[in-house]
Amino acid sequence: TGQPNAGAAPKTRRPKKPVEELVVRTPDVDSLGFQAMDRNVPGLSHVILQKLNMKSYEDYKSAMDGRKSGSDFGIRTYFDMFQKMEDTFKFCAECKKLPDALLDPKSLRRCKRCQNVYYCGVACQRANWPLHKKFCKKLKLVALDRLVEWLIFTGDIPFPTETWTKPTWDVKGWEDWFSMQEQLEEKLGAIVAGRYMTLLWANAGKPRPEDGELRESIRRLVTEFHSRPLTIGLGLQLFGIDPLSRPLIVHVVGASHVETLNTRLTDYDELTRMFPGHQGMEMVMVGVDVVDGPIMRPPLATLAPRGKVYLSSYKGLYHDFWESHVETKLAARPDLVVGFHPGFHACPDLLEGWLPTLLLLRDYRLPVLFTVYSEQELKSSLQILVELEMHIVGYASNPFASLRPEQVYSCPNKAPVYCSSHYIALLGAEASALPGAEELEEDD
């Protein structure tokens with residue numbers, strides 16, 4: 001997952017192009033990921049489209065943009081929903097065969113330990129075990145969290161949170177954050193015993209795990225939900241930006257369905273609990289794939305309301321937004337720019353799409369925080385940023401990274417990755433290369 005087509009540039013760097021032209025020319029991270037599945041499991045993308053009652057990637061994209069309802073997917077019951085989702089993971093992890101390629105499509109059997117990967121027979125399972133055993137325990141968590149994630153859409157997750165009782169700088173990570181949540185076990189217990197958790201396991205086609213496992217899954221998904229606002233809060237701290245001194249504007253550049261599908265107006269309110277008494281904050285989601293919804297409203301021309309986090313959005317390229325809103329003062333210049341998993345390291349086309357944005361951010365000396373999924377992605381991204389002579393203030397593991405492991409969809413036997421696992425802080429241009437960058441390149 002990533003943020004597609006976040007092109008942006010000062011007008012002096014290249015002529016402005018129509019949004020449609022750039023959208024067609026430059027593929028996004030989601031489409032590249034969707035197509036890449038077939039390189040490892042030929043035909044997997046077609047299975048997904050078939051199971052979800054879709055004819056093309058455009059249909060899939062429409063669903064990601066929130067323009068399809070459950071009935072459009074041929075889903076009539078909860079059992080249909082969970083079964084169709086599980087069907088898209090059914091392929092042999094060893095020989096990569098899909099059910100239709102087998103003499104008996106029902107011969108695929110799930111690994112009993114992780115309940116995540118499938119094999120077409122004993123021979124493939126035995127051959128795959130030396131590799132799979134390295135990841136089996138983690139993949140069990142992946143499979144569980146994939147189902148429990150539904151409770152985010154029902155509203156059971158996250159649970160109501162408390163104003164921070166520790167100074168912001170004393171909260172070093174999730175352990176400190178959970179310690180501030182009053183009646184935590186009661187809140188977790190209510191979700192575990194709730195109606196939707198019961199419906200989930202009555203229809204999931206898998207045995208219901210122990211309550212302790214479900215509690216841990218909820219905790220991981222709560223960190224997934226709050227990772228983005230707390231990472232923004234971390235960025236404010238890294239740059240010494242004080243929300244108590246003045247109203248603040250944050251641009252989330254390259255926003256897509258990842259940040260905006262089913263987003264509620266209250267989803268970033270944890271920032272208010274992180275900075276009690278703040279003077280007002282506005283989060284502006286900017287990207288060509290921003291999903292229509294409650295936050296699809298224009299950025300504020302005035303300051304954000306005191307003590308509130310206001311969400312707004314702009315559907316389009318960042319350089320268009322800068323020219324039409326920031327330069328004309330329809331929207332304020334940002335105090336911080338954040339890009340969650342920009343993905344410009346993935347291929348030349350994506351870097352080309354991001355290049356105008358990176359140049360704008362560099363030349364206007366805007367404080368920037370990017371996040372990545374893994375250390376390998378961190379190294380690749382740093383190399384690109386060094387070549388662009390951007391001033392790298394720092395980079396490190398993110399204390400507010402999601403604790404939910406995510407697998408490579410079509411190649412599960414790889415180390416899982418984590419949303420916003422690392423961050424890179426940038427500010428303006430740097431004439432010299434980042435010290436130590438050569439070592440990073442060699443280690444990759």
# chains A, B, ... in the order shown; residues from 1 in each chain; ligands from 1

$ residues_around --residues "segment 225-236 of chain A" --least-positions-apart "5" --cutoff "6 Å" --atoms "only C-alpha atoms" --output "number ranges by chain"
A: 241, 268, 400-402

$ write_last_selection --atoms "C-alpha atoms" --output "PDB file, in the first residue's frame"
ATOM      1  CA  ILE A 241       6.773  22.599  16.411  1.00  0.00           C
ATOM      2  CA  TYR A 268      -7.191  12.001  14.366  1.00  0.00           C
ATOM      3  CA  PHE A 400       4.642   4.516  17.081  1.00  0.00           C
ATOM      4  CA  ALA A 401       4.914   2.029  14.228  1.00  0.00           C
ATOM      5  CA  SER A 402       1.929  -0.286  13.918  1.00  0.00           C
TER       6      SER A 402
END

$ residues_around --residues "Asp363 of chain A" --least-positions-apart "3" --cutoff "8 Å" --atoms "only C-alpha atoms" --output "ChimeraX atom specification"
/A:359-360,366,428-429

$ write_last_selection --atoms "N, CA and C atoms" --output "compact mmCIF listing (two decimals), in the first residue's frame"
# COMPACT_ATOMS: atom_id res chain seq x y z
N LEU A 359 10.91 17.95 -5.09
CA LEU A 359 11.59 19.21 -5.38
C LEU A 359 10.88 20.40 -4.73
N LEU A 360 9.56 20.37 -4.76
CA LEU A 360 8.82 21.44 -4.10
C LEU A 360 9.12 21.47 -2.60
N LEU A 366 10.29 22.98 3.45
CA LEU A 366 9.19 22.56 4.32
C LEU A 366 9.64 21.39 5.20
N GLY A 428 14.58 21.02 3.65
CA GLY A 428 15.30 21.81 2.67
C GLY A 428 16.37 21.02 1.92
N ALA A 429 17.36 21.75 1.41
CA ALA A 429 18.40 21.17 0.56
C ALA A 429 19.69 20.97 1.35

$ closest_atom_pairs --of "segment 249-295 of chain A" --to "segment 305-328 of chain A" --cutoff "7 Å" --atoms "only C-alpha atoms" --output "CSV"
residue,atom,partner,partner_atom,distance
A:Val253,CA,A:Tyr318,CA,6.9
A:Leu265,CA,A:Leu311,CA,6.1
A:Tyr268,CA,A:Val309,CA,6.7
A:Asp269,CA,A:Val309,CA,6.0
A:Thr272,CA,A:Gly307,CA,6.7
A:Gly277,CA,A:Gly307,CA,5.9
A:His278,CA,A:Gly307,CA,5.2
A:Gln279,CA,A:Arg306,CA,4.5
A:Gly280,CA,A:Arg306,CA,4.1
A:Met281,CA,A:Val309,CA,4.8
A:Glu282,CA,A:Tyr310,CA,4.6
A:Met283,CA,A:Leu311,CA,4.9
A:Val284,CA,A:Ser312,CA,4.9
A:Met285,CA,A:Ser313,CA,4.4
A:Val286,CA,A:Tyr314,CA,4.9
A:Gly287,CA,A:Gly316,CA,5.0
A:Val288,CA,A:Gly316,CA,4.1
A:Asp289,CA,A:Lys315,CA,6.7
A:Val290,CA,A:Lys315,CA,5.6
A:Ile295,CA,A:Ser312,CA,5.0

$ residues_around --residues "segment 132-141 of chain A" --least-positions-apart "6" --cutoff "9 Å" --atoms "only C-alpha atoms" --output "list in words"
Ala93, Cys111, Arg113, Cys114, Gln115, Asn116, Val117, Gln125, Glu213, Ser217, Arg404, Pro405, Glu406, Gln407, Pro412, Asn413, Lys414, Ala415 and Pro416 of chain A

$ write_last_selection --atoms "N, CA and C atoms" --output "mmCIF file, in the first residue's frame"
data_model
loop_
_atom_site.group_PDB
_atom_site.id
_atom_site.type_symbol
_atom_site.label_atom_id
_atom_site.label_comp_id
_atom_site.auth_asym_id
_atom_site.auth_seq_id
_atom_site.Cartn_x
_atom_site.Cartn_y
_atom_site.Cartn_z
ATOM 1 N N ALA A 93 1.460 -22.540 -1.442
ATOM 2 C CA ALA A 93 2.612 -21.699 -1.114
ATOM 3 C C ALA A 93 3.911 -22.247 -1.687
ATOM 4 N N CYS A 111 -2.397 -24.716 6.449
ATOM 5 C CA CYS A 111 -1.473 -25.034 7.528
ATOM 6 C C CYS A 111 -2.226 -24.920 8.846
ATOM 7 N N ARG A 113 -1.162 -24.782 11.832
ATOM 8 C CA ARG A 113 -0.531 -23.928 12.843
ATOM 9 C C ARG A 113 -0.897 -22.455 12.646
ATOM 10 N N CYS A 114 -0.700 -21.964 11.427
ATOM 11 C CA CYS A 114 -0.904 -20.523 11.201
ATOM 12 C C CYS A 114 -2.283 -20.181 10.648
ATOM 13 N N GLN A 115 -2.996 -21.164 10.075
ATOM 14 C CA GLN A 115 -4.308 -20.907 9.484
ATOM 15 C C GLN A 115 -4.239 -19.840 8.396
ATOM 16 N N ASN A 116 -3.087 -19.795 7.716
ATOM 17 C CA ASN A 116 -2.874 -18.700 6.772
ATOM 18 C C ASN A 116 -2.500 -19.191 5.381
ATOM 19 N N VAL A 117 -1.518 -20.095 5.274
ATOM 20 C CA VAL A 117 -1.053 -20.532 3.961
ATOM 21 C C VAL A 117 -1.656 -21.890 3.615
ATOM 22 N N GLN A 125 3.779 -29.392 1.122
ATOM 23 C CA GLN A 125 3.876 -28.880 2.486
ATOM 24 C C GLN A 125 5.226 -29.249 3.107
ATOM 25 N N GLU A 213 -5.817 -14.384 22.894
ATOM 26 C CA GLU A 213 -5.313 -14.102 21.546
ATOM 27 C C GLU A 213 -6.109 -12.974 20.907
ATOM 28 N N SER A 217 -4.819 -9.309 19.562
ATOM 29 C CA SER A 217 -5.108 -8.848 18.210
ATOM 30 C C SER A 217 -5.728 -7.457 18.236
ATOM 31 N N ARG A 404 0.973 -4.381 14.097
ATOM 32 C CA ARG A 404 0.302 -5.418 13.316
ATOM 33 C C ARG A 404 1.195 -5.873 12.169
ATOM 34 N N PRO A 405 1.582 -7.147 12.128
ATOM 35 C CA PRO A 405 2.413 -7.623 11.019
ATOM 36 C C PRO A 405 1.597 -7.761 9.737
ATOM 37 N N GLU A 406 2.218 -7.421 8.616
ATOM 38 C CA GLU A 406 1.560 -7.550 7.318
ATOM 39 C C GLU A 406 2.428 -8.412 6.402
ATOM 40 N N GLN A 407 1.811 -9.352 5.708
ATOM 41 C CA GLN A 407 2.546 -10.241 4.822
ATOM 42 C C GLN A 407 2.567 -9.716 3.396
ATOM 43 N N PRO A 412 3.841 -15.195 1.032
ATOM 44 C CA PRO A 412 3.739 -15.033 2.478
ATOM 45 C C PRO A 412 4.990 -15.406 3.259
ATOM 46 N N ASN A 413 5.830 -16.301 2.708
ATOM 47 C CA ASN A 413 7.006 -16.748 3.450
ATOM 48 C C ASN A 413 8.171 -15.771 3.335
ATOM 49 N N LYS A 414 7.893 -14.566 3.733
ATOM 50 C CA LYS A 414 8.896 -13.509 3.847
ATOM 51 C C LYS A 414 8.657 -12.805 5.170
ATOM 52 N N ALA A 415 9.666 -12.110 5.651
ATOM 53 C CA ALA A 415 9.499 -11.379 6.907
ATOM 54 C C ALA A 415 8.362 -10.366 6.770
ATOM 55 N N PRO A 416 7.380 -10.371 7.679
ATOM 56 C CA PRO A 416 6.304 -9.382 7.611
ATOM 57 C C PRO A 416 6.840 -7.964 7.758
#

$ atom_distance --atom1 "atom CA of Ser380 of chain A" --atom2 "atom CA of Asp145 of chain A"
28.5 Å

$ closest_residue --among "A:Thr302, A:Tyr196, A:Gln183, A:Pro276" --to "Leu330 of chain A" --atoms "only C-alpha atoms"
A:Thr302

$ residues_around --residues "Ala301 of chain A" --least-positions-apart "4" --cutoff "8 Å" --atoms "only C-alpha atoms" --output "NGL selection string"
:A and (329-332)

$ select_by_dssp --residues "segment 279-434 of chain A" --states "strand (DSSP E)" --output "number ranges by chain"
A: 281-287, 309-315, 336-340, 367-372, 390-397, 422-429

$ atom_distance --atom1 "atom CA of Phe82 of chain A" --atom2 "atom CA of Asn203 of chain A"
6.9 Å

$ residues_around --residues "Glu186 of chain A" --least-positions-apart "5" --cutoff "12 Å" --atoms "only C-alpha atoms" --output "PyMOL selection string"
chain A and resi 159-160+181+191-194+215

$ write_last_selection --atoms "C-alpha atoms" --output "JSON list (two decimals), in the first residue's frame"
[["chain", "number", "residue", "atom", "x", "y", "z"],
["A", 159, "PHE", "CA", -11.96, 1.87, 22.08],
["A", 160, "PRO", "CA", -12.42, 5.33, 23.68],
["A", 181, "GLN", "CA", -5.57, 3.90, 29.19],
["A", 191, "ILE", "CA", -14.94, -5.90, 22.48],
["A", 192, "VAL", "CA", -14.10, -9.60, 22.80],
["A", 193, "ALA", "CA", -17.58, -10.31, 24.19],
["A", 194, "GLY", "CA", -19.33, -7.96, 21.77],
["A", 215, "ARG", "CA", -7.26, -9.28, 23.14]]

$ select_by_dssp --residues "segment 170-404 of chain A" --states "alpha helix (DSSP H)" --output "ChimeraX atom specification"
/A:174-179,184-192,195-203,211-238,257-260,270-274,318-321,348-363,375-387

$ atom_distance --atom1 "atom CA of Cys120 of chain A" --atom2 "atom CA of Leu44 of chain A"
15.5 Å

$ closest_atom_pairs --of "segment 388-434 of chain A" --to "segment 337-352 of chain A" --cutoff "12 Å" --atoms "only C-alpha atoms" --output "Markdown table"
| residue | atom | partner | partner_atom | distance |
| --- | --- | --- | --- | --- |
| A:Leu388 | CA | A:Leu351 | CA | 11.3 |
| A:Ala401 | CA | A:Phe340 | CA | 11.3 |
| A:Val417 | CA | A:His341 | CA | 11.8 |
| A:Tyr418 | CA | A:His341 | CA | 10.7 |
| A:Cys419 | CA | A:His341 | CA | 8.0 |
| A:Ser420 | CA | A:Phe340 | CA | 6.9 |
| A:Ser421 | CA | A:His341 | CA | 9.7 |
| A:His422 | CA | A:His341 | CA | 9.7 |
| A:Tyr423 | CA | A:Phe340 | CA | 9.1 |
| A:Ile424 | CA | A:Gly339 | CA | 9.9 |
| A:Ala425 | CA | A:Val338 | CA | 9.4 |
| A:Leu426 | CA | A:Val337 | CA | 9.7 |
| A:Leu427 | CA | A:Val337 | CA | 10.3 |

$ write_last_selection --atoms "N, CA and C atoms" --output "PDB file, in the first residue's frame"
ATOM      1  N   LEU A 388      19.005  13.490  -4.444  1.00  0.00           N
ATOM      2  CA  LEU A 388      18.268  14.736  -4.691  1.00  0.00           C
ATOM      3  C   LEU A 388      18.777  15.886  -3.828  1.00  0.00           C
ATOM      4  N   ALA A 401       5.217   2.919  15.352  1.00  0.00           N
ATOM      5  CA  ALA A 401       4.914   2.029  14.228  1.00  0.00           C
ATOM      6  C   ALA A 401       3.785   1.095  14.620  1.00  0.00           C
ATOM      7  N   VAL A 417       6.075  -7.010   7.261  1.00  0.00           N
ATOM      8  CA  VAL A 417       6.424  -5.599   7.394  1.00  0.00           C
ATOM      9  C   VAL A 417       5.389  -4.921   8.293  1.00  0.00           C
ATOM     10  N   TYR A 418       5.690  -3.687   8.686  1.00  0.00           N
ATOM     11  CA  TYR A 418       4.834  -2.969   9.624  1.00  0.00           C
ATOM     12  C   TYR A 418       4.623  -1.546   9.132  1.00  0.00           C
ATOM     13  N   CYS A 419       3.390  -1.078   9.192  1.00  0.00           N
ATOM     14  CA  CYS A 419       3.082   0.288   8.754  1.00  0.00           C
ATOM     15  C   CYS A 419       3.912   1.293   9.545  1.00  0.00           C
ATOM     16  N   SER A 420       4.512   2.215   8.815  1.00  0.00           N
ATOM     17  CA  SER A 420       5.311   3.300   9.409  1.00  0.00           C
ATOM     18  C   SER A 420       6.377   2.760  10.351  1.00  0.00           C
ATOM     19  N   SER A 421       7.057   1.688   9.942  1.00  0.00           N
ATOM     20  CA  SER A 421       8.061   1.076  10.825  1.00  0.00           C
ATOM     21  C   SER A 421       9.249   1.995  11.065  1.00  0.00           C
ATOM     22  N   HIS A 422       9.594   2.818  10.060  1.00  0.00           N
ATOM     23  CA  HIS A 422      10.694   3.771  10.188  1.00  0.00           C
ATOM     24  C   HIS A 422      10.245   5.119   9.636  1.00  0.00           C
ATOM     25  N   TYR A 423      10.950   6.159  10.050  1.00  0.00           N
ATOM     26  CA  TYR A 423      10.651   7.497   9.521  1.00  0.00           C
ATOM     27  C   TYR A 423      11.932   8.152   9.018  1.00  0.00           C
ATOM     28  N   ILE A 424      11.740   9.122   8.120  1.00  0.00           N
ATOM     29  CA  ILE A 424      12.821   9.966   7.621  1.00  0.00           C
ATOM     30  C   ILE A 424      12.357  11.412   7.779  1.00  0.00           C
ATOM     31  N   ALA A 425      13.150  12.232   8.441  1.00  0.00           N
ATOM     32  CA  ALA A 425      12.835  13.655   8.618  1.00  0.00           C
ATOM     33  C   ALA A 425      13.703  14.480   7.679  1.00  0.00           C
ATOM     34  N   LEU A 426      13.083  15.399   6.939  1.00  0.00           N
ATOM     35  CA  LEU A 426      13.766  16.197   5.910  1.00  0.00           C
ATOM     36  C   LEU A 426      13.483  17.679   6.115  1.00  0.00           C
ATOM     37  N   LEU A 427      14.453  18.511   5.738  1.00  0.00           N
ATOM     38  CA  LEU A 427      14.234  19.958   5.788  1.00  0.00           C
ATOM     39  C   LEU A 427      15.150  20.650   4.790  1.00  0.00           C
TER      40      LEU A 427
END

$ closest_residue --among "A:Ile384, A:Thr77, A:Ser56, A:Met37" --to "Lys96 of chain A" --atoms "only C-alpha atoms"
A:Met37

$ closest_residue --among "A:Leu151, A:Met180, A:Leu200, A:Val252" --to "Thr165 of chain A" --atoms "only C-alpha atoms"
A:Met180

$ residues_around --residues "His46 of chain A" --least-positions-apart "5" --cutoff "10 Å" --atoms "only C-alpha atoms" --output "count of residues only"
8
